[in-house]
2 protein chains.
Amino acid sequence: MSSKKITFDDIATYTNFSKSTISRYFNKPDLLSEESQEIIRQALIDLNYHENKLARALANGQSEFVGIIIPNIYLDYYAEVLNQLLGTFEKHGYKFLVFLGDKNKEIEKEYIEELLAFNIEGLIELSHSIPSKELVEYNIPVITIEREDENINSINSDNYEGAVMATQHLINNGCDMLIHVNTIIPPNAPARKRIEGFEDTCIQNKVQFKTCIYDFGNSREETEETIKQFFDECEKLYSGINKGIFFANDHYAIKFLNLIFKKYGYLPDEYQLVGYDNSPIAQDSILKLTTVSQQISELTTEAMRELVLMMEERKKSSSPKKIPILHKKVKPKLIIRDTTKPLNNIKSLTDGSM
Amino acid sequence: MSSKKITFDDIATYTNFSKSTISRYFNKPDLLSEESQEIIRQALIDLNYHENKLARALANGQSEFVGIIIPNIYLDYYAEVLNQLLGTFEKHGYKFLVFLGDKNKEIEKEYIEELLAFNIEGLIELSHSIPSKELVEYNIPVITIEREDENINSINSDNYEGAVMATQHLINNGCDMLIHVNTIIPPNAPARKRIEGFEDTCIQNKVQFKTCIYDFGNSREETEETIKQFFDECEKLYSGINKGIFFANDHYAIKFLNLIFKKYGYLPDEYQLVGYDNSPIAQDSILKLTTVSQQISELTTEAMRELVLMMEERKKSSSPKKIPILHKKVKPKLIIRDTTKPLNNIKSLTDGSM
DNA sequence: TTGTATGCGTTATCAC
DNA sequence: GTGATAACGCATACAA
């Protein structure tokens, strides 16, 4: 039926206009008279025309594609980031070509080549394999989210601030011993700032603290085993002390919480837990977890805003125009739920105002 | 530096070959002599050539694009499906253009138009808005996953079988009262089969049962409230009876499990719970949940396999070739964990063999 | 084994 | 306001 492809040529013959006029109808309709527009409009319907954006992209150099390289989508954080990014189609009209990165640098570079072969107008990089120094060399608009970004534009959550808020909250609640549990983080990764934020806050408040860095392995089992060991150690070493534990993510915190519940059947006052990420799991657990939200929605909105700016800029002036590198930070939010509560002592009252 | 775009023309001049020969180097290299190949190979490096797949696609009609329309990515199930689908790039080489569907039919149809404008070779539809009858009319290879599929090729999890396995397991374990909790499911949706599978199995085994359909609302709060009411009812109506509860998904089951733990501090023998989906949460809960895995990996592998077949077929014969509609089912898997266990009575021993 | 000519469906540059 | 013509970068039928 409508199998044969209708092109501008067909419409031109049908309407007795030229190809150029048909093209103008789409790109600069104001140049056409009202009647001409109406004639073409009708012809499109009569002939059942469907646009070919490949041809368009080839001719004008604008693919409307944005590439995304993301480590995976089974982690809540990445899934939500991708979710939000894809949602911006309505606003900006860019289509997304998505690749799963983080295998190794070479493979990821092949992905970028593939994306470039389709003339992507911009790239959003969440994967960690390619140093920012090399990303710059592709000479296209790139924005990174939550990764090493020394030489390139980026949007990051303010990890330092997030850690400060979590730590201060635990201190305000009257914890006497602060513990931070984290995994091995690559140098330059923004998440490292959480450790600094934690330690600085403890020192400033003159409170006892300990930073525990573990290798959590690559499987659920290893992670659970590691948390279990940490739990046993806590029970043994800090029994009777009011502990405030700040975990690097919600999963570690929930695993810990489950161990506590299995042993006690409830969360003893001497334990206060704070997670990170505000993943769905933080609300599906036996007690709803106090956590730090990275404000993913703002993170992605900002990322797209900046990327669109860069892409627009590029269309106008072909002059490279050396703008200083942009590192934007999004302030996280402490979400207080049921795994932290003020202990009944003076400290928690005075700390807030001092 | 390497800003100017190198084309086949440049390579042709550089090597004293013609454009066609350069093209052949990429598409039918065997036709070239070894020396010619070597010369061109070197020229590509010297000139720093980068292929333009837009031009290629325009010329040969093969975009290498597959469109995906998926309701969202914050639900574990969809996130994992997308994760797996994107992972097939290594195997098949198709690039994925991803859209978030399920707003309404009109918008989703616009997405499809957009995808068609980029000459996608095939479409994977997970969203529910567009009836299969209308999907067929686009006249391109389409495969649906877990949705209404009357008029179109599809891959579905065998929901009936999944429900049977879950129910039979509860019966074998000695439950005297079977309950199935589900939400309001649109007609024709494959998930409906779970209800049938549950009820049929109960009837066959002559065991008491009840099917509870609730409107779980659109927010976490509403869902929790509904589960809470269901829990209270269970406690009141079926106290002392060995209940086997089969939930439509892991989230409902976990919410229920949390309520039990908050009340009792453990899972009493009179409760046995089975979820559905094998979401990550099933293993992060206070007790690891017995659940039915949809075998997402096989679901997506099969989907891509079939889609690739259809796409290949289409390239060869332009004859529409009426093949019968394919409805493939993937067998789910019962994953037994800590929320079910055989009760000590004869029943659990004999039931299996009868 | 390689070259010539034409087409893919648009946009862009002039010209009228 | 509108039209002719040359790009865009590659593929392919037909020659040689």
# chains A, B, ... in the order shown; residues from 1 in each chain; ligands from 1
$ closest_atom_pairs --of "chain A" --to "chain B" --cutoff "8 Å" --atoms "only C-alpha atoms" --output "tab-separated table"
residue	atom	partner	partner_atom	distance
A:His50	CA	B:Ala117	CA	6.9
A:Glu51	CA	B:Ala117	CA	5.5
A:Asn52	CA	B:Ala117	CA	4.6
A:Lys53	CA	B:Ala117	CA	5.2
A:Leu54	CA	B:Phe118	CA	5.5
A:Ala55	CA	B:Leu58	CA	6.2
A:Ala57	CA	B:Leu54	CA	7.5
A:Leu58	CA	B:Ala55	CA	6.2
A:Asn72	CA	B:Asn83	CA	6.6
A:Ile73	CA	B:Asn83	CA	5.4
A:Tyr74	CA	B:Glu80	CA	5.7
A:Asp76	CA	B:Tyr74	CA	7.3
A:Ala79	CA	B:Ile73	CA	5.9
A:Glu80	CA	B:Tyr74	CA	5.7
A:Leu82	CA	B:Ile73	CA	7.5
A:Asn83	CA	B:Ile73	CA	5.4
A:Leu86	CA	B:Phe99	CA	6.6
A:Gly87	CA	B:Leu100	CA	6.7
A:Lys95	CA	B:Leu97	CA	7.0
A:Phe96	CA	B:Leu97	CA	5.8
A:Leu97	CA	B:Leu97	CA	5.0
A:Val98	CA	B:Phe96	CA	6.2
A:Phe99	CA	B:Leu86	CA	6.6
A:Leu100	CA	B:Leu86	CA	6.6
A:Glu113	CA	B:His50	CA	7.9
A:Leu116	CA	B:Asn52	CA	7.9
A:Ala117	CA	B:Asn52	CA	4.6
A:Phe118	CA	B:Lys53	CA	5.4
A:Asn119	CA	B:Leu54	CA	7.4
A:His251	CA	B:Asp284	CA	7.7
A:Ile254	CA	B:Asp284	CA	7.3
A:Lys255	CA	B:Asp284	CA	6.8
A:Asn258	CA	B:Ile286	CA	5.1
A:Leu259	CA	B:Ile286	CA	8.0
A:Phe261	CA	B:Ile286	CA	7.7
A:Lys262	CA	B:Ile286	CA	7.5
A:Gly265	CA	B:Gly265	CA	4.9
A:Tyr266	CA	B:Gly265	CA	7.6
A:Ile281	CA	B:Ile281	CA	6.8
A:Asp284	CA	B:Lys255	CA	6.8
A:Ser285	CA	B:Ser285	CA	6.4
A:Ile286	CA	B:Asn258	CA	5.1
$ interface_residues --of "chain C" --to "chain B" --cutoff "12 Å" --atoms "only C-alpha atoms (C1' of nucleotides)" --output "ChimeraX atom specification"
/C:1-10
$ write_last_selection --atoms "C-alpha atoms (C1' of nucleotides)" --output "compact mmCIF listing (two decimals), in the first residue's frame"
# COMPACT_ATOMS: atom_id res chain seq x y z
C1' DT C 1 40.71 -6.48 -10.37
C1' DT C 2 39.32 -1.69 -11.12
C1' DG C 3 36.76 2.54 -13.07
C1' DT C 4 32.42 5.30 -14.58
C1' DA C 5 28.07 6.93 -13.81
C1' DT C 6 24.14 7.33 -11.21
C1' DG C 7 21.34 7.27 -7.09
C1' DC C 8 20.06 7.72 -1.88
C1' DG C 9 16.73 12.15 0.01
C1' DT C 10 17.80 16.09 1.84
$ interface_residues --of "chain D" --to "chain A" --cutoff "7 Å" --atoms "only C-alpha atoms (C1' of nucleotides)" --output "list in words"
DG1, DT2, DG3 and DC8 of chain D
$ write_last_selection --atoms "N, CA and C atoms (P, O5', C5', C4', C3', O3' and C1' of nucleotides)" --output "PDB file, in the first residue's frame"
ATOM      1  P    DG D   1       6.153  37.111   0.222  1.00  0.00           P
ATOM      2  O5'  DG D   1       5.609  35.825  -0.446  1.00  0.00           O
ATOM      3  C5'  DG D   1       6.442  34.699  -0.516  1.00  0.00           C
ATOM      4  C4'  DG D   1       6.319  34.214  -1.953  1.00  0.00           C
ATOM      5  C3'  DG D   1       6.520  32.733  -2.089  1.00  0.00           C
ATOM      6  O3'  DG D   1       5.707  32.225  -3.124  1.00  0.00           O
ATOM      7  C1'  DG D   1       8.226  33.872  -3.254  1.00  0.00           C
ATOM      8  P    DT D   2       5.513  30.689  -3.274  1.00  0.00           P
ATOM      9  O5'  DT D   2       6.716  30.272  -4.223  1.00  0.00           O
ATOM     10  C5'  DT D   2       6.598  30.517  -5.619  1.00  0.00           C
ATOM     11  C4'  DT D   2       7.902  30.222  -6.299  1.00  0.00           C
ATOM     12  C3'  DT D   2       8.363  28.768  -6.243  1.00  0.00           C
ATOM     13  O3'  DT D   2       8.099  28.178  -7.508  1.00  0.00           O
ATOM     14  C1'  DT D   2      10.162  30.328  -6.079  1.00  0.00           C
ATOM     15  P    DG D   3       8.435  26.655  -7.716  1.00  0.00           P
ATOM     16  O5'  DG D   3       9.846  26.769  -8.451  1.00  0.00           O
ATOM     17  C5'  DG D   3       9.964  27.626  -9.562  1.00  0.00           C
ATOM     18  C4'  DG D   3      11.366  27.520 -10.154  1.00  0.00           C
ATOM     19  C3'  DG D   3      11.889  26.091 -10.315  1.00  0.00           C
ATOM     20  O3'  DG D   3      12.542  25.989 -11.582  1.00  0.00           O
ATOM     21  C1'  DG D   3      13.407  27.353  -8.986  1.00  0.00           C
ATOM     22  P    DC D   8      30.676  18.850  -0.247  1.00  0.00           P
ATOM     23  O5'  DC D   8      29.909  18.024   0.873  1.00  0.00           O
ATOM     24  C5'  DC D   8      28.832  18.518   1.612  1.00  0.00           C
ATOM     25  C4'  DC D   8      28.109  17.358   2.250  1.00  0.00           C
ATOM     26  C3'  DC D   8      28.872  16.036   2.195  1.00  0.00           C
ATOM     27  O3'  DC D   8      29.535  15.859   3.431  1.00  0.00           O
ATOM     28  C1'  DC D   8      26.530  15.770   1.656  1.00  0.00           C
TER      29       DC D   8
END
$ closest_residue --among "A:Glu110, A:Leu237, A:His327, A:Asp269" --to "Glu302 of chain A" --atoms "only C-alpha atoms"
A:His327
$ select_by_dssp --residues "segment 49-250 of chain B" --states "helix (DSSP H, G or I)" --output "number ranges by chain"
B: 53-60, 76-87, 89-92, 105-117, 132-136, 159-172, 190-204, 220-237, 250
$ write_last_selection --atoms "C-alpha atoms" --output "PDB file, in the first residue's frame"
ATOM      1  CA  LYS B  53      27.627   5.756   8.602  1.00  0.00           C
ATOM      2  CA  LEU B  54      24.906   8.275   7.946  1.00  0.00           C
ATOM      3  CA  ALA B  55      25.992   8.516   4.335  1.00  0.00           C
ATOM      4  CA  ARG B  56      26.380   4.803   4.176  1.00  0.00           C
ATOM      5  CA  ALA B  57      22.912   4.243   5.563  1.00  0.00           C
ATOM      6  CA  LEU B  58      21.413   6.692   3.138  1.00  0.00           C
ATOM      7  CA  ALA B  59      23.084   4.962   0.232  1.00  0.00           C
ATOM      8  CA  ASN B  60      22.384   1.344   1.084  1.00  0.00           C
ATOM      9  CA  ASP B  76      14.106  -3.245  38.066  1.00  0.00           C
ATOM     10  CA  TYR B  77      12.500  -5.413  35.452  1.00  0.00           C
ATOM     11  CA  TYR B  78      12.689  -2.877  32.654  1.00  0.00           C
ATOM     12  CA  ALA B  79      16.147  -1.730  33.682  1.00  0.00           C
ATOM     13  CA  GLU B  80      17.431  -5.253  33.425  1.00  0.00           C
ATOM     14  CA  VAL B  81      15.723  -5.849  30.094  1.00  0.00           C
ATOM     15  CA  LEU B  82      17.291  -2.711  28.656  1.00  0.00           C
ATOM     16  CA  ASN B  83      20.615  -3.618  30.165  1.00  0.00           C
ATOM     17  CA  GLN B  84      20.560  -6.980  28.449  1.00  0.00           C
ATOM     18  CA  LEU B  85      19.344  -5.599  25.145  1.00  0.00           C
ATOM     19  CA  LEU B  86      22.085  -2.983  24.974  1.00  0.00           C
ATOM     20  CA  GLY B  87      24.554  -5.708  25.792  1.00  0.00           C
ATOM     21  CA  PHE B  89      25.618  -4.817  20.559  1.00  0.00           C
ATOM     22  CA  GLU B  90      28.783  -6.848  20.796  1.00  0.00           C
ATOM     23  CA  LYS B  91      27.038  -9.800  19.230  1.00  0.00           C
ATOM     24  CA  HIS B  92      24.874  -8.262  16.525  1.00  0.00           C
ATOM     25  CA  LYS B 105      -0.769   6.311  22.271  1.00  0.00           C
ATOM     26  CA  GLU B 106      -0.387   9.476  20.245  1.00  0.00           C
ATOM     27  CA  ILE B 107       2.954  10.428  21.763  1.00  0.00           C
ATOM     28  CA  GLU B 108       4.235   6.927  21.373  1.00  0.00           C
ATOM     29  CA  LYS B 109       3.258   6.924  17.735  1.00  0.00           C
ATOM     30  CA  GLU B 110       5.239  10.096  17.275  1.00  0.00           C
ATOM     31  CA  TYR B 111       8.233   8.292  18.718  1.00  0.00           C
ATOM     32  CA  ILE B 112       7.808   5.558  16.175  1.00  0.00           C
ATOM     33  CA  GLU B 113       7.593   8.137  13.393  1.00  0.00           C
ATOM     34  CA  GLU B 114      10.795   9.631  14.693  1.00  0.00           C
ATOM     35  CA  LEU B 115      12.443   6.234  14.676  1.00  0.00           C
ATOM     36  CA  LEU B 116      11.206   5.529  11.180  1.00  0.00           C
ATOM     37  CA  ALA B 117      12.612   8.869  10.056  1.00  0.00           C
ATOM     38  CA  SER B 132      -0.424  -4.903  18.241  1.00  0.00           C
ATOM     39  CA  LYS B 133      -2.887  -4.475  15.428  1.00  0.00           C
ATOM     40  CA  GLU B 134      -1.544  -0.999  14.792  1.00  0.00           C
ATOM     41  CA  LEU B 135       2.074  -2.001  15.284  1.00  0.00           C
ATOM     42  CA  VAL B 136       1.746  -4.415  12.398  1.00  0.00           C
ATOM     43  CA  ASN B 159       3.432 -16.491  33.145  1.00  0.00           C
ATOM     44  CA  TYR B 160       1.052 -19.382  33.527  1.00  0.00           C
ATOM     45  CA  GLU B 161       3.881 -21.800  34.145  1.00  0.00           C
ATOM     46  CA  GLY B 162       5.533 -19.382  36.560  1.00  0.00           C
ATOM     47  CA  ALA B 163       2.384 -19.129  38.603  1.00  0.00           C
ATOM     48  CA  VAL B 164       1.956 -22.902  38.556  1.00  0.00           C
ATOM     49  CA  MET B 165       5.474 -23.437  39.855  1.00  0.00           C
ATOM     50  CA  ALA B 166       5.051 -20.912  42.635  1.00  0.00           C
ATOM     51  CA  THR B 167       1.677 -22.257  43.653  1.00  0.00           C
ATOM     52  CA  GLN B 168       2.683 -25.898  43.484  1.00  0.00           C
ATOM     53  CA  HIS B 169       5.722 -25.125  45.604  1.00  0.00           C
ATOM     54  CA  LEU B 170       3.551 -23.580  48.296  1.00  0.00           C
ATOM     55  CA  ILE B 171       1.185 -26.523  48.187  1.00  0.00           C
ATOM     56  CA  ASN B 172       4.029 -29.030  48.332  1.00  0.00           C
ATOM     57  CA  PRO B 190       0.414 -11.728  29.513  1.00  0.00           C
ATOM     58  CA  ALA B 191       0.696 -11.157  33.262  1.00  0.00           C
ATOM     59  CA  ARG B 192      -2.959 -12.099  33.564  1.00  0.00           C
ATOM     60  CA  LYS B 193      -1.968 -15.696  33.057  1.00  0.00           C
ATOM     61  CA  ARG B 194      -0.471 -15.686  36.511  1.00  0.00           C
ATOM     62  CA  ILE B 195      -3.912 -15.538  38.018  1.00  0.00           C
ATOM     63  CA  GLU B 196      -5.097 -18.436  35.897  1.00  0.00           C
ATOM     64  CA  GLY B 197      -2.036 -20.498  36.702  1.00  0.00           C
ATOM     65  CA  PHE B 198      -2.561 -19.899  40.390  1.00  0.00           C
ATOM     66  CA  GLU B 199      -6.239 -20.751  40.430  1.00  0.00           C
ATOM     67  CA  ASP B 200      -5.951 -23.782  38.180  1.00  0.00           C
ATOM     68  CA  THR B 201      -3.224 -25.249  40.345  1.00  0.00           C
ATOM     69  CA  CYS B 202      -5.196 -24.696  43.521  1.00  0.00           C
ATOM     70  CA  ILE B 203      -8.271 -26.298  42.026  1.00  0.00           C
ATOM     71  CA  GLN B 204      -6.341 -29.271  40.703  1.00  0.00           C
ATOM     72  CA  ARG B 220       4.781   4.171  47.124  1.00  0.00           C
ATOM     73  CA  GLU B 221       2.570   5.365  49.943  1.00  0.00           C
ATOM     74  CA  GLU B 222      -0.607   3.985  48.424  1.00  0.00           C
ATOM     75  CA  THR B 223       1.066   0.679  47.718  1.00  0.00           C
ATOM     76  CA  GLU B 224       2.296   0.409  51.285  1.00  0.00           C
ATOM     77  CA  GLU B 225      -1.094   1.295  52.671  1.00  0.00           C
ATOM     78  CA  THR B 226      -2.758  -1.360  50.539  1.00  0.00           C
ATOM     79  CA  ILE B 227      -0.293  -4.032  51.599  1.00  0.00           C
ATOM     80  CA  LYS B 228      -0.791  -2.992  55.190  1.00  0.00           C
ATOM     81  CA  GLN B 229      -4.531  -3.505  54.906  1.00  0.00           C
ATOM     82  CA  PHE B 230      -4.020  -6.865  53.302  1.00  0.00           C
ATOM     83  CA  PHE B 231      -1.659  -7.844  56.110  1.00  0.00           C
ATOM     84  CA  ASP B 232      -4.130  -6.849  58.798  1.00  0.00           C
ATOM     85  CA  GLU B 233      -6.811  -8.856  57.072  1.00  0.00           C
ATOM     86  CA  CYS B 234      -4.572 -11.924  56.893  1.00  0.00           C
ATOM     87  CA  GLU B 235      -3.771 -11.670  60.549  1.00  0.00           C
ATOM     88  CA  LYS B 236      -7.417 -11.366  61.448  1.00  0.00           C
ATOM     89  CA  LEU B 237      -9.062 -13.841  59.096  1.00  0.00           C
ATOM     90  CA  ASP B 250       8.735  -8.944  44.708  1.00  0.00           C
TER      91      ASP B 250
END
$ select_by_dssp --residues "segment 83-292 of chain A" --states "strand (DSSP E)" --output "VMD selection string"
chain A and resid 95 to 100 122 to 125 142 to 145 154 to 157 177 to 183 208 to 214 243 to 247 271 to 274 291 to 292
$ atom_distance --atom1 "atom CA of Ile69 of chain B" --atom2 "atom CA of Ile69 of chain A"
18.7 Å
